[in-house]
Structures are given as C-alpha cells and as structure tokens.
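Below is my_file_38.tsv, which holds TSV, C-alpha atoms and all ligand atoms.
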chain	number	residue	atom	x	y	z
B	1046	MET	CA	0.00	0.00	0.00
B	1047	THR	CA	1.42	3.42	-0.94
B	1048	GLU	CA	1.60	6.18	1.68
B	1049	PRO	CA	-0.60	9.22	1.02
B	1050	ASP	CA	1.07	12.46	-0.15
B	1051	THR	CA	2.28	14.81	2.56
B	1052	LYS	CA	2.67	18.58	2.63
B	1053	LYS	CA	4.34	21.02	5.03
B	1054	TYR	CA	2.08	23.09	7.32
B	1055	TYR	CA	2.63	24.74	10.69
B	1056	CYS	CA	1.61	22.38	13.53
B	1057	ASN	CA	0.21	24.02	16.68
B	1058	GLU	CA	1.32	21.07	18.83
B	1059	CYS	CA	4.83	20.59	17.44
B	1060	LYS	CA	5.26	24.42	17.20
B	1061	ARG	CA	6.98	24.24	13.80
B	1062	ASP	CA	6.40	23.35	10.15
B	1063	THR	CA	5.91	19.60	9.89
B	1064	SER	CA	4.76	17.15	7.21
B	1065	HIS	CA	0.98	16.63	7.21
B	1066	TYR	CA	-1.31	14.05	5.62
B	1067	VAL	CA	-4.26	15.57	3.75
B	1068	ARG	CA	-7.11	13.40	5.10
B	1069	ARG	CA	-10.01	15.09	3.22
B	1070	GLU	CA	-10.17	17.90	0.69
B	1071	PHE	CA	-12.73	19.77	-1.35
B	1072	GLU	CA	-12.30	22.33	-4.12
B	1073	LYS	CA	-14.82	24.76	-5.55
B	1074	ILE	CA	-14.32	27.21	-8.43
B	1075	THR	CA	-16.85	29.98	-9.07
B	1076	HIS	CA	-16.80	31.87	-12.38
B	1077	ASP	CA	-17.72	35.54	-12.74
B	1078	ASP	CA	-18.73	35.88	-16.40
B	1079	GLU	CA	-19.10	39.66	-16.22
B	1080	TYR	CA	-15.51	40.31	-15.08
B	1081	GLN	CA	-14.04	37.14	-16.58
B	1082	GLU	CA	-12.62	36.13	-13.21
B	1083	THR	CA	-12.70	33.00	-11.09
B	1084	PHE	CA	-12.80	32.55	-7.33
B	1085	SER	CA	-11.16	29.34	-6.14
B	1086	GLN	CA	-11.60	27.76	-2.72
B	1087	GLU	CA	-9.78	24.77	-1.25
B	1088	MET	CA	-10.71	23.20	2.10
B	1089	LYS	CA	-8.53	20.50	3.62
B	1090	ILE	CA	-8.50	18.47	6.82
B	1091	ILE	CA	-4.85	17.81	7.64
B	1092	GLU	CA	-3.12	15.58	10.19
B	1093	CYS	CA	0.42	16.11	11.48
B	1094	CYS	CA	2.55	13.06	10.60
B	1095	GLY	CA	4.40	13.44	13.92
B	1096	CYS	CA	1.84	14.20	16.66
B	1097	GLU	CA	-1.41	13.37	14.76
B	1098	HIS	CA	-2.85	16.85	15.53
B	1099	LEU	CA	-5.80	17.67	13.25
B	1100	ALA	CA	-6.38	21.08	11.65
B	1101	PHE	CA	-8.46	22.66	8.93
B	1102	VAL	CA	-6.85	24.60	6.06
B	1103	GLN	CA	-8.75	27.12	3.96
B	1104	ARG	CA	-7.07	28.48	0.79
B	1105	THR	CA	-8.72	31.07	-1.44
B	1106	ASN	CA	-7.73	32.93	-4.59
B	1107	TYR	CA	-9.23	35.47	-7.01
B	1108	SER	CA	-7.77	34.93	-10.46
B	1109	ALA	CA	-6.93	38.67	-10.61
B	1110	ASP	CA	-4.77	38.40	-7.46
B	1111	LEU	CA	-1.30	37.65	-8.72
B	1112	THR	CA	2.14	37.69	-7.17
B	1113	VAL	CA	5.71	37.26	-8.40
B	1114	GLN	CA	7.54	34.13	-7.30
B	1115	ILE	CA	10.94	32.70	-8.08
B	1116	ASN	CA	10.59	29.47	-10.02
B	1117	PRO	CA	12.65	26.93	-7.99
B	1118	ARG	CA	13.70	25.11	-11.19
B	1119	THR	CA	14.65	28.02	-13.47
B	1120	LYS	CA	15.45	30.48	-10.59
B	1121	GLN	CA	13.63	33.12	-12.66
B	1122	PRO	CA	10.83	35.37	-11.35
B	1123	GLU	CA	7.40	34.55	-12.74
B	1124	GLU	CA	3.78	35.48	-12.13
B	1125	ALA	CA	1.73	33.11	-9.96
B	1126	LEU	CA	-1.69	33.09	-8.30
B	1127	ALA	CA	-1.63	34.78	-4.88
B	1128	TRP	CA	-3.38	32.33	-2.54
B	1129	LYS	CA	-4.58	33.36	0.92
B	1130	GLN	CA	-4.27	30.64	3.54
B	1131	ASN	CA	-5.89	30.30	6.96
B	1132	ILE	CA	-5.42	27.45	9.42
B	1133	TYR	CA	-8.03	26.65	12.10
B	1134	PRO	CA	-7.58	26.54	15.05
B	1135	PRO	CA	-5.35	29.58	14.34
B	1136	VAL	CA	-1.59	29.14	14.41
B	1137	THR	CA	-0.18	29.73	17.91
B	1138	TYR	CA	3.40	30.98	17.85
B	1139	ARG	CA	3.56	31.46	21.60
B	1140	SER	CA	1.73	29.54	24.31
B	1141	LEU	CA	0.39	30.89	27.58
B	1142	PRO	CA	2.91	30.21	30.36
B	1143	ILE	CA	1.73	27.21	32.41
B	1144	TRP	CA	2.05	29.22	35.63
B	1145	HIS	CA	-0.62	31.71	34.52
B	1146	GLU	CA	-3.16	29.33	36.16
B	1147	ASN	CA	-1.46	30.06	39.50
B	1148	ILE	CA	-2.21	33.79	39.30
B	1149	GLU	CA	-4.76	34.40	42.03
B	1150	ASP	CA	-6.18	37.66	40.63
B	1151	CYS	CA	-8.85	36.63	38.11
B	1152	ILE	CA	-8.70	39.98	36.25
B	1153	LEU	CA	-4.98	39.54	35.62
B	1154	ARG	CA	-5.54	35.93	34.56
B	1155	ASP	CA	-8.37	36.89	32.17
B	1156	LEU	CA	-6.23	39.70	30.71
B	1157	PHE	CA	-3.45	37.18	30.07
B	1158	GLU	CA	-5.84	34.84	28.25
B	1159	GLU	CA	-7.31	37.67	26.14
B	1160	ILE	CA	-3.83	38.85	25.11
B	1161	TYR	CA	-2.95	35.35	23.92
B	1162	LYS	CA	-6.25	35.07	22.00
B	1163	ALA	CA	-5.40	38.40	20.31
B	1164	LEU	CA	-1.93	37.03	19.46
B	1165	GLN	CA	-3.45	33.91	17.95
B	1166	MET	CA	-5.69	36.04	15.70
B	1167	ASN	CA	-2.68	38.23	14.78
B	1168	CYS	CA	-4.35	41.26	16.48
B	1169	ARG	CA	-1.08	43.02	17.36
B	1170	TYR	CA	-2.66	46.34	18.42
B	1171	LEU	CA	-4.95	44.55	20.86
B	1172	ALA	CA	-2.11	42.39	22.21
B	1173	THR	CA	0.10	45.47	22.74
B	1174	THR	CA	-2.52	47.66	24.41
B	1175	GLY	CA	-3.56	44.59	26.44
B	1176	SER	CA	0.04	44.21	27.63
B	1177	ARG	CA	-0.03	47.81	28.87
B	1178	THR	CA	-3.26	47.04	30.76
B	1179	LEU	CA	-1.49	44.03	32.27
B	1180	ILE	CA	1.20	46.35	33.70
B	1181	ASP	CA	-1.55	48.64	34.99
B	1182	ARG	CA	-3.20	45.75	36.83
B	1183	LEU	CA	0.15	44.59	38.21
B	1184	ILE	CA	0.79	48.09	39.62
B	1185	VAL	CA	-2.67	48.12	41.28
B	1186	LEU	CA	-2.05	44.70	42.85
B	1187	ILE	CA	1.44	45.47	44.16
B	1188	VAL	CA	1.34	49.15	45.21
B	1189	GLY	CA	-2.28	50.25	44.62
B	1190	ASP	CA	-3.71	52.69	42.05
B	1191	GLN	CA	-1.26	55.57	41.58
B	1192	GLY	CA	-3.25	57.56	39.00
B	1193	ASN	CA	-1.00	57.02	35.99
B	1194	PHE	CA	1.69	54.70	34.67
B	1195	ALA	CA	4.64	56.99	35.42
B	1196	ARG	CA	3.66	57.34	39.10
B	1197	GLY	CA	2.82	53.63	39.31
B	1198	LEU	CA	6.20	52.55	37.95
B	1199	GLU	CA	7.98	55.06	40.19
B	1200	LYS	CA	6.16	53.64	43.22
B	1201	LEU	CA	7.13	50.07	42.25
B	1202	LYS	CA	10.75	51.24	42.12
B	1203	SER	CA	10.65	53.20	45.40
B	1204	GLU	CA	9.13	50.15	47.15
B	1205	SER	CA	12.00	48.03	45.74
B	1206	ALA	CA	9.57	45.82	43.78
B	1207	ILE	CA	11.54	46.57	40.59
B	1208	SER	CA	15.09	47.68	39.91
B	1209	GLU	CA	16.15	50.84	38.05
B	1210	HIS	CA	16.90	48.68	35.02
B	1211	GLU	CA	13.43	47.06	35.13
B	1212	HIS	CA	11.90	50.51	35.54
B	1213	GLN	CA	13.50	51.57	32.26
B	1214	ILE	CA	12.34	48.42	30.45
B	1215	LEU	CA	8.78	48.79	31.76
B	1216	THR	CA	8.66	52.47	30.77
B	1217	THR	CA	9.55	51.44	27.21
B	1218	THR	CA	6.91	48.67	27.32
B	1219	VAL	CA	4.22	51.11	28.50
B	1220	GLU	CA	5.31	53.55	25.76
B	1221	ALA	CA	4.84	50.74	23.18
B	1222	GLY	CA	1.28	50.19	24.46
B	1223	SER	CA	0.56	53.92	24.28
B	1224	ALA	CA	1.93	54.14	20.73
B	1225	ALA	CA	-0.37	51.26	19.70
B	1226	ALA	CA	-3.39	52.88	21.38
B	1227	HIS	CA	-2.87	56.51	20.31
B	1228	ARG	CA	-0.46	56.66	17.38
B	1229	GLY	CA	-1.42	53.65	15.29
B	1230	TRP	CA	1.91	51.86	15.79
B	1231	ALA	CA	1.98	48.06	15.82
B	1232	PRO	CA	5.07	46.11	16.91
B	1233	THR	CA	6.49	43.26	14.85
B	1234	LYS	CA	6.07	39.71	16.12
B	1235	GLU	CA	9.62	39.81	17.53
B	1236	GLU	CA	8.95	43.12	19.33
B	1237	LEU	CA	5.76	41.67	20.81
B	1238	VAL	CA	7.79	38.72	22.12
B	1239	THR	CA	10.12	41.21	23.87
B	1240	ILE	CA	7.14	43.04	25.41
B	1241	LEU	CA	5.58	39.79	26.66
B	1242	ASP	CA	8.91	38.40	27.93
B	1243	THR	CA	9.34	41.57	29.99
B	1244	ILE	CA	5.88	41.57	31.56
B	1245	GLU	CA	5.67	37.82	32.11
B	1246	GLY	CA	9.06	37.75	33.82
B	1247	LEU	CA	7.92	40.46	36.20
B	1248	ILE	CA	4.52	38.93	36.99
B	1249	HIS	CA	6.16	35.56	37.60
B	1250	ARG	CA	8.71	37.09	39.99
B	1251	LEU	CA	6.33	39.41	41.85
B	1252	LEU	CA	3.14	37.37	42.06
B	1253	VAL	CA	3.69	33.70	41.25
B	1254	LEU	CA	7.07	32.88	42.83
B	1255	PRO	CA	6.30	34.35	46.32
B	1256	GLU	CA	3.11	32.27	46.43
B	1257	ARG	CA	4.96	29.09	45.41
B	1258	THR	CA	7.80	29.76	47.83
B	1259	ALA	CA	5.31	30.20	50.69
B	1260	LYS	CA	3.74	26.83	49.83
B	1261	LEU	CA	7.18	25.24	49.66
B	1262	GLU	CA	8.06	26.60	53.11
B	1263	GLN	CA	4.87	25.10	54.55
B	1264	SER	CA	5.61	21.70	53.06
B	1265	ILE	CA	9.14	21.47	54.51
B	1266	PRO	CA	9.03	19.41	57.75
B	1267	ASN	CA	10.31	21.09	60.93
B	1268	ARG	CA	13.71	20.04	62.33
O	1301	ZN	ZN	2.51	18.02	15.15
As structure tokens, what does this structure read like?
Amino acid sequence: MTEPDTKKYYCNECKRDTSHYVRREFEKITHDDEYQETFSQEMKIIECCGCEHLAFVQRTNYSADLTVQINPRTKQPEEALAWKQNIYPPVTYRSLPIWHENIEDCILRDLFEEIYKALQMNCRYLATTGSRTLIDRLIVLIVGDQGNFARGLEKLKSESAISEHEHQILTTTVEAGSAAAHRGWAPTKEELVTILDTIEGLIHRLLVLPERTAKLEQSIPNR
C-alpha cells in the first residue's frame, strides 16, 4: 500500500512546520462571467505526521490576485496566483505560560488569556494595548492605584519591587502600548515577544514565585 502524499504546514502542537497528511479535501471554483474572473476555494483536513494533531486549512484565490515568485527550477521570477491561507484553530506561535493558572487575581488571569487570543488572531494592536493594561493591573495589585503609569512605575521602584533597570524596560513597554493605542503603531512579532517576555518575567517574579515559595516553606518538615 502506498503512503498518502504529505505537505508542510505549521503544527500548533509541534510548534513548527511539519509534514501533514491531507485526510479530506474539497475544491470549488466559481466563475464571474461579467468580469471574466474566477474565485477558487480549497478546504482541507490535515493531520500532522508526527503528533497526529488535526487542523483545517482554507485556501482562497481570485484569479486577478497575482504575485511574483521565483521558479525553484529556473530560478527566474514569474507570475503566480496569490493564494490566501488560513489554518483553524489559528496558528499559535507562543503559548500561555503554564504558571498563569497560579495567578490568584482573576482579572490579571483573564487579561493574560485575552492577550494570547489576540496574538493567535494576529491582532497586534490589541495584544500590545492589552500588555499595557497588564502592567496597569500589576501596579494596582502590588502598590495600589497611583493615578498614571509613570507614578505607578515610580512607586514600584521606590518600594524596591523593581530595579532601576526594570523601571527603564517597563517604561519602554508602556510607551509601546501607548503608541499602539494613540499613534497607530503596531510592533512586529519579535517586538511583541520582547514586550511579553518583559511583563511575564515580572509577573512571575512578583506574584507567582512568592506564592509558590510560601507553599514550599509550609511543606518542609520542621527540624
Ligand atoms: Zn505536530
């Protein structure tokens, strides 16, 4: 028996491009006689050859949508159909940290989950402004509402919750959120990773680790 054809797609479980079996597929082409154009749709159910994760791929193309590609055989540029591709559930490039379930404050936890949903849908503005709101909530939980970000961050520093260096990094992170909210700036995927690394590191250190350490202390038997 011959093995079915495989194709490379991003796998949400393996977190990288892997070979996939196409288990089912359906194609539909609609013709527009007035404009002499066609609309093509392809739907596929795919299965990762490694982890057996299932996903749904939707590819669409209008015949007028063209792009220039390098022909791998001749190495020459040539016109090709520009296909749009969506994978469901959406591709997840970054997963929620496991410890987020240990965050006691449900608002902070919900904010975390919403930011990651925004990331999954490639909503970079929402993810960036959401990250700023995450810092806001962190300030409220640690030192109380200080009226604005600058005062909040200053208070965190004066109470020794963050270092001077962290204060600088957080100020930049808040500025990124403000630029997304007010000036229509969206960070790249790599810049978003930096923003999330910064905030997650801080939340883990200030809220999650003390809680875990307290539990550890209780579990250690007395001498
Ligand atoms: Zn996989």
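Put simply, atom CA of Asn1167 of chain B is 20.9 Å away from atom ZN of ligand ZN 1301 (chain O).
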* Asked: Could you work out how far atom CA of Asp1181 of chain B lies from atom CA of Arg1250 of chain B, giving the answer in Å with one decimal?
  -> 16.2 Å
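Taking all atoms listed in the file, the non-local environment of His1249 of chain B within 9 Å (same-chain residues fewer than 4 positions away omitted) comprises B:Trp1144, B:His1145, B:Ile1148, B:Ile1244, B:Glu1245, B:Val1253, B:Leu1254, B:Pro1255.
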Please identify every residue of chain B that has at least one atom no farther than 12 Å from an atom of ligand ZN 1301 (chain O), counting all atoms listed in the file, and for each give the shortest atom pair and the distance in Å to one decimal, arranged by chain then increasing number, as JSON lines.
{"residue": "B:Lys1053", "atom": "CA", "partner": "O:ZN1301", "partner_atom": "ZN", "distance": 10.7}
{"residue": "B:Tyr1054", "atom": "CA", "partner": "O:ZN1301", "partner_atom": "ZN", "distance": 9.3}
{"residue": "B:Tyr1055", "atom": "CA", "partner": "O:ZN1301", "partner_atom": "ZN", "distance": 8.1}
{"residue": "B:Cys1056", "atom": "CA", "partner": "O:ZN1301", "partner_atom": "ZN", "distance": 4.7}
{"residue": "B:Asn1057", "atom": "CA", "partner": "O:ZN1301", "partner_atom": "ZN", "distance": 6.6}
{"residue": "B:Glu1058", "atom": "CA", "partner": "O:ZN1301", "partner_atom": "ZN", "distance": 4.9}
{"residue": "B:Cys1059", "atom": "CA", "partner": "O:ZN1301", "partner_atom": "ZN", "distance": 4.2}
{"residue": "B:Lys1060", "atom": "CA", "partner": "O:ZN1301", "partner_atom": "ZN", "distance": 7.3}
{"residue": "B:Arg1061", "atom": "CA", "partner": "O:ZN1301", "partner_atom": "ZN", "distance": 7.8}
{"residue": "B:Asp1062", "atom": "CA", "partner": "O:ZN1301", "partner_atom": "ZN", "distance": 8.3}
{"residue": "B:Thr1063", "atom": "CA", "partner": "O:ZN1301", "partner_atom": "ZN", "distance": 6.5}
{"residue": "B:Ser1064", "atom": "CA", "partner": "O:ZN1301", "partner_atom": "ZN", "distance": 8.3}
{"residue": "B:His1065", "atom": "CA", "partner": "O:ZN1301", "partner_atom": "ZN", "distance": 8.2}
{"residue": "B:Tyr1066", "atom": "CA", "partner": "O:ZN1301", "partner_atom": "ZN", "distance": 11.0}
{"residue": "B:Ile1091", "atom": "CA", "partner": "O:ZN1301", "partner_atom": "ZN", "distance": 10.5}
{"residue": "B:Glu1092", "atom": "CA", "partner": "O:ZN1301", "partner_atom": "ZN", "distance": 7.9}
{"residue": "B:Cys1093", "atom": "CA", "partner": "O:ZN1301", "partner_atom": "ZN", "distance": 4.6}
{"residue": "B:Cys1094", "atom": "CA", "partner": "O:ZN1301", "partner_atom": "ZN", "distance": 6.7}
{"residue": "B:Gly1095", "atom": "CA", "partner": "O:ZN1301", "partner_atom": "ZN", "distance": 5.1}
{"residue": "B:Cys1096", "atom": "CA", "partner": "O:ZN1301", "partner_atom": "ZN", "distance": 4.2}
{"residue": "B:Glu1097", "atom": "CA", "partner": "O:ZN1301", "partner_atom": "ZN", "distance": 6.1}
{"residue": "B:His1098", "atom": "CA", "partner": "O:ZN1301", "partner_atom": "ZN", "distance": 5.5}
{"residue": "B:Leu1099", "atom": "CA", "partner": "O:ZN1301", "partner_atom": "ZN", "distance": 8.5}
{"residue": "B:Ala1100", "atom": "CA", "partner": "O:ZN1301", "partner_atom": "ZN", "distance": 10.0}
{"residue": "B:Val1136", "atom": "CA", "partner": "O:ZN1301", "partner_atom": "ZN", "distance": 11.9}
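Pairwise distance (atom CA of Lys1129 of chain B, atom CA of Glu1070 of chain B) equals 16.4 Å.
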* Leaving out Arg1177 of chain B and any residue of its chain fewer than 5 positions from it, which residues lie within 10 Å of it when counting only C-alpha atoms, given as a PyMOL selection string? -> chain B and resi 1171-1172+1182-1183+1194+1215+1218-1223+1225-1226+1240+1244
Prev. selection, C-alpha atoms, output as a PDB file, in the coordinates of the input:
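And here is the file that came out, selection04.pdb:
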ATOM      1  CA  LEU B1171      -4.950  44.550  20.860  1.00  0.00           C
ATOM      2  CA  ALA B1172      -2.110  42.390  22.210  1.00  0.00           C
ATOM      3  CA  ARG B1182      -3.200  45.750  36.830  1.00  0.00           C
ATOM      4  CA  LEU B1183       0.150  44.590  38.210  1.00  0.00           C
ATOM      5  CA  PHE B1194       1.690  54.700  34.670  1.00  0.00           C
ATOM      6  CA  LEU B1215       8.780  48.790  31.760  1.00  0.00           C
ATOM      7  CA  THR B1218       6.910  48.670  27.320  1.00  0.00           C
ATOM      8  CA  VAL B1219       4.220  51.110  28.500  1.00  0.00           C
ATOM      9  CA  GLU B1220       5.310  53.550  25.760  1.00  0.00           C
ATOM     10  CA  ALA B1221       4.840  50.740  23.180  1.00  0.00           C
ATOM     11  CA  GLY B1222       1.280  50.190  24.460  1.00  0.00           C
ATOM     12  CA  SER B1223       0.560  53.920  24.280  1.00  0.00           C
ATOM     13  CA  ALA B1225      -0.370  51.260  19.700  1.00  0.00           C
ATOM     14  CA  ALA B1226      -3.390  52.880  21.380  1.00  0.00           C
ATOM     15  CA  ILE B1240       7.140  43.040  25.410  1.00  0.00           C
ATOM     16  CA  ILE B1244       5.880  41.570  31.560  1.00  0.00           C
TER      17      ILE B1244
END
* Could you give me, as JSON, numbers by chain, the residues within 9 Å of Gly1175 of chain B, counting only C-alpha atoms and dropping anything in the same chain fewer than 2 positions from it? => {"B": [1156, 1157, 1159, 1160, 1163, 1170, 1171, 1172, 1173, 1177, 1178, 1179, 1180, 1222]}
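Closest approach to Thr1233 of chain B among B:Arg1169, B:Arg1196, B:His1210, B:Arg1257: B:Arg1169, based on all atoms listed in the file.
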Could you please fill out segment 1053-1065 of chain B with N, CA and C atoms and send it back as an mmCIF file, keeping the file's coordinate frame?
data_model
loop_
_atom_site.group_PDB
_atom_site.id
_atom_site.type_symbol
_atom_site.label_atom_id
_atom_site.label_comp_id
_atom_site.auth_asym_id
_atom_site.auth_seq_id
_atom_site.Cartn_x
_atom_site.Cartn_y
_atom_site.Cartn_z
ATOM 1 N N LYS B 1053 3.900 20.305 3.823
ATOM 2 C CA LYS B 1053 4.340 21.020 5.030
ATOM 3 C C LYS B 1053 3.315 22.085 5.435
ATOM 4 N N TYR B 1054 2.906 22.045 6.716
ATOM 5 C CA TYR B 1054 2.080 23.090 7.320
ATOM 6 C C TYR B 1054 2.601 23.322 8.727
ATOM 7 N N TYR B 1055 2.237 24.479 9.307
ATOM 8 C CA TYR B 1055 2.630 24.740 10.690
ATOM 9 C C TYR B 1055 1.751 23.894 11.616
ATOM 10 N N CYS B 1056 2.370 23.183 12.566
ATOM 11 C CA CYS B 1056 1.610 22.380 13.530
ATOM 12 C C CYS B 1056 1.589 23.102 14.879
ATOM 13 N N ASN B 1057 0.380 23.311 15.401
ATOM 14 C CA ASN B 1057 0.210 24.020 16.680
ATOM 15 C C ASN B 1057 0.730 23.233 17.868
ATOM 16 N N GLU B 1058 0.813 21.900 17.731
ATOM 17 C CA GLU B 1058 1.320 21.070 18.830
ATOM 18 C C GLU B 1058 2.836 20.992 18.785
ATOM 19 N N CYS B 1059 3.373 20.719 17.581
ATOM 20 C CA CYS B 1059 4.830 20.590 17.440
ATOM 21 C C CYS B 1059 5.527 21.949 17.419
ATOM 22 N N LYS B 1060 4.741 23.050 17.228
ATOM 23 C CA LYS B 1060 5.260 24.420 17.200
ATOM 24 C C LYS B 1060 6.288 24.650 16.106
ATOM 25 N N ARG B 1061 6.092 24.019 14.951
ATOM 26 C CA ARG B 1061 6.980 24.240 13.800
ATOM 27 C C ARG B 1061 6.314 23.652 12.569
ATOM 28 N N ASP B 1062 6.904 23.954 11.391
ATOM 29 C CA ASP B 1062 6.400 23.350 10.150
ATOM 30 C C ASP B 1062 6.710 21.861 10.163
ATOM 31 N N THR B 1063 5.686 21.050 9.946
ATOM 32 C CA THR B 1063 5.910 19.600 9.890
ATOM 33 C C THR B 1063 5.164 19.031 8.680
ATOM 34 N N SER B 1064 5.483 17.809 8.302
ATOM 35 C CA SER B 1064 4.760 17.150 7.210
ATOM 36 C C SER B 1064 3.371 16.756 7.706
ATOM 37 N N HIS B 1065 2.370 16.962 6.857
ATOM 38 C CA HIS B 1065 0.980 16.630 7.210
ATOM 39 C C HIS B 1065 0.366 15.738 6.116
#
